[in-house]
Amino acid sequence: MGKDSLTITDNRTGRQYEVAITDGAIKAVDLLQIRSGEDDTGLASYDPALQNTASCRSKVTFIDGDKGILEYRGYPIEELAERSSYLEVAYLIVKGELPTTTHFSMWQHNIKMHTMLHENVKRFIDGFRYDAHPMGILIGTVGALSTFYPEAKHVEDLESRRTQTRRLIAKMPTIAAYAYRHSLGLHYVRPDNELSYTGNFLSMLFRMTEAKYRPDPVLEHALDVLFILHADHEQNCSSTAARVVGSSQADPYSVVAAAAAALGGPLHGGANEAVIRMLREIGSVSKIPELIKQVKAGERRLMGFGHRVYKNYDPRARIIKRIAEQVFEVTGRNPLIDVAVELERIALEDEYFIKRKLYPNVDFYSGIIYEAMGFPVEMFPVLFAIARTSGWMAQWAELVTDPEQKIMRPKQIYTGHPRRNYIPLDERRDGGALETEVRGPL
Ligand code: CMC
């Protein structure tokens, strides 16, 4: 067995360096000692999309992308989806261990006592246009909560962190439901704390004139499982956004607003919305070959396929596919499932997808279930955000208590103009060199 180190020869100078390898990584700052001369500030690693950069140590979630394994705090996702509940998983993710019976009832109580929103928050939501995207409402409203709880800025205070975490997990479904009802011009439904976490959410969404809303147990359970599957996914785009914003010691409401903003993009949590739009556009199985042709020609992406980490079947997609059948027994079959299943079959046999290891991800089937349950597509990323809040809070808490962390501030490789002198406005000619250089990304 060799040494846990890396020997680097700098061919510019002929010098050799030995850099320690710990946990399969070298420290990027150890490269700083490698200099080509007096003026050199040291070698940097260049990694534009952070594809091979570990930015933290984390105990929350383990993924083996080649084998298709996902575990929260060491527990396989399949067991949690089968035997646990979202609130229990949220406790596990946030606290690190499964709760005892006593701790679980305290946790449920503590979450439920925070489900209501300040009346001013309702008025804030009222201010959005009737057709505002609910993800925009969610992002804006959760960010605004920092003004209601100014003590949240004490990120170093454990008790404050705990309170804000409970508040956020409790209030996200309420904000989401109000955003949905706002789009329909319906009155807001107060939380019903006699119901489960997901049962109460369904009540706040769908209750009309009935005195008590009774969620269908199959749909309530299906949504709960979907929430479990979405609770955390280690250093994904939105968790990284949470960590970047949190590293400036911003309050947790701003952190979650930033994370939700990252989640809303079509390459991340917005993909489930994009999948449904794509499946609707295809419409029937006969049009699949044409879509595959466009994807292979690089004209578009197959939404809900591919993943930065999974180079195998996403274990969450397998569970979701199974739940879909249970949901359809209550809601009736969503015809898009047949298009999706056939699309998956064709894609998985195609050389293009095999070579690139592109498999269905969590978003491929989740939207079909959400649609069958009566959610408009705009709500899909919002549902993702509710579930992911526990993960964001766990990642944020790790960050603020990690002595190795500092404000995040990556380097750049400057490719702009060398130093030059200012030219007065009246000396800049139309059609001159300056004008033709204005061809940047903006
Ligand atoms: N359809 C067609 N080709 C694809 C796809 C796709 N969905 N995804 C990746 N590729 C190709 C890509 O063109 C590239 O091919 P080539 O080597 O010939 O240039 C190769 O596969 C590698 O792709 P990449 O863009 O370098 O991979 P990435 O790790 O940067 O991107 C991804 C990961 C998830 C953004 C991407 O697979 C994608 O855009 N998928 C569709 C959107 C989607 O479903 N997102 C949800 C992700 S899972 C849930 C979540 O994170 O929220």
# chains A, B, ... in the order shown; residues from 1 in each chain; ligands from 1
>>> residues_around(residues="segment 336-345 of chain A", least_positions_apart="4", cutoff="9 Å", atoms="only C-alpha atoms", output="PyMOL selection string")
chain A and resi 276+279-280+282-286+288-289+292+305+324+349-350+359-360+364-365+368-369
>>> residues_near_ligand(ligand="ligand 1", cutoff="10 Å", atoms="only C-alpha atoms and all ligand atoms", output="PyMOL selection string")
chain A and resi 49+51+230+233+235-238+262-275+292+294-311+314+316-317+347+352-364+381+384
>>> residues_around(residues="Ala259 of chain A", least_positions_apart="5", cutoff="9 Å", atoms="only C-alpha atoms", output="PyMOL selection string")
chain A and resi 139+237-243+245+254+264+385+389+392
>>> write_last_selection(atoms="N, CA, C and O atoms", output="PDB file, in the first residue's frame")
ATOM      1  N   ILE A 139     -40.841  31.898  -3.288  1.00  0.00           N
ATOM      2  CA  ILE A 139     -39.494  32.459  -3.090  1.00  0.00           C
ATOM      3  C   ILE A 139     -39.601  33.825  -2.403  1.00  0.00           C
ATOM      4  O   ILE A 139     -38.909  34.110  -1.422  1.00  0.00           O
ATOM      5  N   CYS A 237     -27.607  21.690  -6.794  1.00  0.00           N
ATOM      6  CA  CYS A 237     -27.554  23.126  -7.094  1.00  0.00           C
ATOM      7  C   CYS A 237     -28.204  23.974  -5.991  1.00  0.00           C
ATOM      8  O   CYS A 237     -27.637  24.982  -5.544  1.00  0.00           O
ATOM      9  N   SER A 238     -29.392  23.568  -5.516  1.00  0.00           N
ATOM     10  CA  SER A 238     -30.076  24.422  -4.527  1.00  0.00           C
ATOM     11  C   SER A 238     -29.419  24.343  -3.146  1.00  0.00           C
ATOM     12  O   SER A 238     -29.352  25.353  -2.435  1.00  0.00           O
ATOM     13  N   SER A 239     -28.920  23.169  -2.765  1.00  0.00           N
ATOM     14  CA  SER A 239     -28.232  23.076  -1.466  1.00  0.00           C
ATOM     15  C   SER A 239     -26.938  23.876  -1.515  1.00  0.00           C
ATOM     16  O   SER A 239     -26.527  24.474  -0.513  1.00  0.00           O
ATOM     17  N   THR A 240     -26.305  23.873  -2.680  1.00  0.00           N
ATOM     18  CA  THR A 240     -25.089  24.669  -2.820  1.00  0.00           C
ATOM     19  C   THR A 240     -25.431  26.149  -2.741  1.00  0.00           C
ATOM     20  O   THR A 240     -24.719  26.928  -2.089  1.00  0.00           O
ATOM     21  N   ALA A 241     -26.555  26.541  -3.372  1.00  0.00           N
ATOM     22  CA  ALA A 241     -26.997  27.941  -3.266  1.00  0.00           C
ATOM     23  C   ALA A 241     -27.245  28.280  -1.794  1.00  0.00           C
ATOM     24  O   ALA A 241     -26.854  29.354  -1.311  1.00  0.00           O
ATOM     25  N   ALA A 242     -27.877  27.350  -1.059  1.00  0.00           N
ATOM     26  CA  ALA A 242     -28.138  27.579   0.370  1.00  0.00           C
ATOM     27  C   ALA A 242     -26.821  27.780   1.117  1.00  0.00           C
ATOM     28  O   ALA A 242     -26.684  28.683   1.949  1.00  0.00           O
ATOM     29  N   ARG A 243     -25.850  26.952   0.808  1.00  0.00           N
ATOM     30  CA  ARG A 243     -24.565  27.048   1.502  1.00  0.00           C
ATOM     31  C   ARG A 243     -23.825  28.331   1.126  1.00  0.00           C
ATOM     32  O   ARG A 243     -23.204  28.963   1.982  1.00  0.00           O
ATOM     33  N   VAL A 245     -25.098  31.235   0.120  1.00  0.00           N
ATOM     34  CA  VAL A 245     -25.743  32.390   0.763  1.00  0.00           C
ATOM     35  C   VAL A 245     -25.545  32.328   2.282  1.00  0.00           C
ATOM     36  O   VAL A 245     -25.220  33.329   2.928  1.00  0.00           O
ATOM     37  N   SER A 254     -33.578  33.945   4.150  1.00  0.00           N
ATOM     38  CA  SER A 254     -32.911  34.366   2.914  1.00  0.00           C
ATOM     39  C   SER A 254     -32.219  33.165   2.275  1.00  0.00           C
ATOM     40  O   SER A 254     -32.198  33.027   1.048  1.00  0.00           O
ATOM     41  N   GLY A 264     -35.929  26.279  -8.667  1.00  0.00           N
ATOM     42  CA  GLY A 264     -36.985  26.545  -9.659  1.00  0.00           C
ATOM     43  C   GLY A 264     -36.542  26.429 -11.111  1.00  0.00           C
ATOM     44  O   GLY A 264     -37.382  26.315 -12.006  1.00  0.00           O
ATOM     45  N   ALA A 385     -39.910  21.998  -3.313  1.00  0.00           N
ATOM     46  CA  ALA A 385     -39.302  22.936  -2.352  1.00  0.00           C
ATOM     47  C   ALA A 385     -39.765  22.646  -0.922  1.00  0.00           C
ATOM     48  O   ALA A 385     -38.976  22.757   0.029  1.00  0.00           O
ATOM     49  N   THR A 389     -36.933  21.477   2.053  1.00  0.00           N
ATOM     50  CA  THR A 389     -36.611  22.439   3.116  1.00  0.00           C
ATOM     51  C   THR A 389     -35.841  21.784   4.264  1.00  0.00           C
ATOM     52  O   THR A 389     -34.888  22.361   4.796  1.00  0.00           O
ATOM     53  N   TRP A 392     -32.278  21.471   3.112  1.00  0.00           N
ATOM     54  CA  TRP A 392     -31.580  22.773   3.098  1.00  0.00           C
ATOM     55  C   TRP A 392     -31.177  23.187   4.508  1.00  0.00           C
ATOM     56  O   TRP A 392     -30.080  23.680   4.733  1.00  0.00           O
TER      57      TRP A 392
END
>>> residues_around(residues="segment 1-7 of chain A", least_positions_apart="6", cutoff="10 Å", atoms="only C-alpha atoms", output="PyMOL selection string")
chain A and resi 16-26
>>> write_last_selection(atoms="C-alpha atoms", output="compact mmCIF listing (two decimals), in the first residue's frame")
# COMPACT_ATOMS: atom_id res chain seq x y z
CA GLN A 16 8.37 18.65 -7.04
CA TYR A 17 5.67 18.95 -4.39
CA GLU A 18 4.01 16.41 -2.14
CA VAL A 19 0.37 17.02 -1.35
CA ALA A 20 -1.62 14.98 1.21
CA ILE A 21 -4.62 12.94 0.08
CA THR A 22 -7.38 12.76 2.72
CA ASP A 23 -10.73 11.05 2.09
CA GLY A 24 -9.92 10.72 -1.60
CA ALA A 25 -9.29 14.44 -2.05
CA ILE A 26 -6.43 16.88 -2.07
>>> decode(residues="segment 364-407 of chain A", atoms="C-alpha atoms", output="JSON list (two decimals), in the first residue's frame")
[["chain", "number", "residue", "atom", "x", "y", "z"],
["A", 364, "PHE", "CA", -39.45, 11.84, -14.91],
["A", 365, "TYR", "CA", -42.44, 10.24, -13.19],
["A", 366, "SER", "CA", -43.20, 12.60, -10.27],
["A", 367, "GLY", "CA", -45.05, 15.15, -12.41],
["A", 368, "ILE", "CA", -47.37, 12.46, -13.79],
["A", 369, "ILE", "CA", -48.47, 11.63, -10.24],
["A", 370, "TYR", "CA", -48.81, 15.27, -9.26],
["A", 371, "GLU", "CA", -50.94, 15.92, -12.33],
["A", 372, "ALA", "CA", -53.17, 12.92, -11.57],
["A", 373, "MET", "CA", -53.63, 14.29, -8.03],
["A", 374, "GLY", "CA", -54.92, 17.57, -9.45],
["A", 375, "PHE", "CA", -51.86, 19.82, -9.15],
["A", 376, "PRO", "CA", -51.26, 22.29, -11.96],
["A", 377, "VAL", "CA", -47.74, 22.00, -13.43],
["A", 378, "GLU", "CA", -46.70, 25.33, -11.91],
["A", 379, "MET", "CA", -47.05, 23.77, -8.46],
["A", 380, "PHE", "CA", -44.60, 20.90, -9.13],
["A", 381, "PRO", "CA", -41.39, 22.73, -8.18],
["A", 382, "VAL", "CA", -43.22, 24.19, -5.18],
["A", 383, "LEU", "CA", -43.94, 20.66, -3.91],
["A", 384, "PHE", "CA", -40.26, 19.84, -4.37],
["A", 385, "ALA", "CA", -39.30, 22.94, -2.35],
["A", 386, "ILE", "CA", -41.54, 21.97, 0.59],
["A", 387, "ALA", "CA", -39.88, 18.58, 0.85],
["A", 388, "ARG", "CA", -36.34, 19.87, 0.30],
["A", 389, "THR", "CA", -36.61, 22.44, 3.12],
["A", 390, "SER", "CA", -35.49, 19.89, 5.73],
["A", 391, "GLY", "CA", -32.45, 19.10, 3.59],
["A", 392, "TRP", "CA", -31.58, 22.77, 3.10],
["A", 393, "MET", "CA", -31.81, 23.39, 6.83],
["A", 394, "ALA", "CA", -29.59, 20.41, 7.64],
["A", 395, "GLN", "CA", -27.01, 21.53, 5.06],
["A", 396, "TRP", "CA", -27.17, 25.11, 6.37],
["A", 397, "ALA", "CA", -26.78, 24.02, 10.00],
["A", 398, "GLU", "CA", -23.73, 21.92, 9.06],
["A", 399, "LEU", "CA", -22.27, 24.92, 7.27],
["A", 400, "VAL", "CA", -22.69, 27.45, 10.08],
["A", 401, "THR", "CA", -21.22, 25.06, 12.68],
["A", 402, "ASP", "CA", -18.30, 23.85, 10.55],
["A", 403, "PRO", "CA", -15.04, 25.47, 11.70],
["A", 404, "GLU", "CA", -13.47, 24.72, 8.29],
["A", 405, "GLN", "CA", -16.04, 26.90, 6.48],
["A", 406, "LYS", "CA", -15.64, 30.58, 5.67],
["A", 407, "ILE", "CA", -17.48, 32.97, 3.41]]
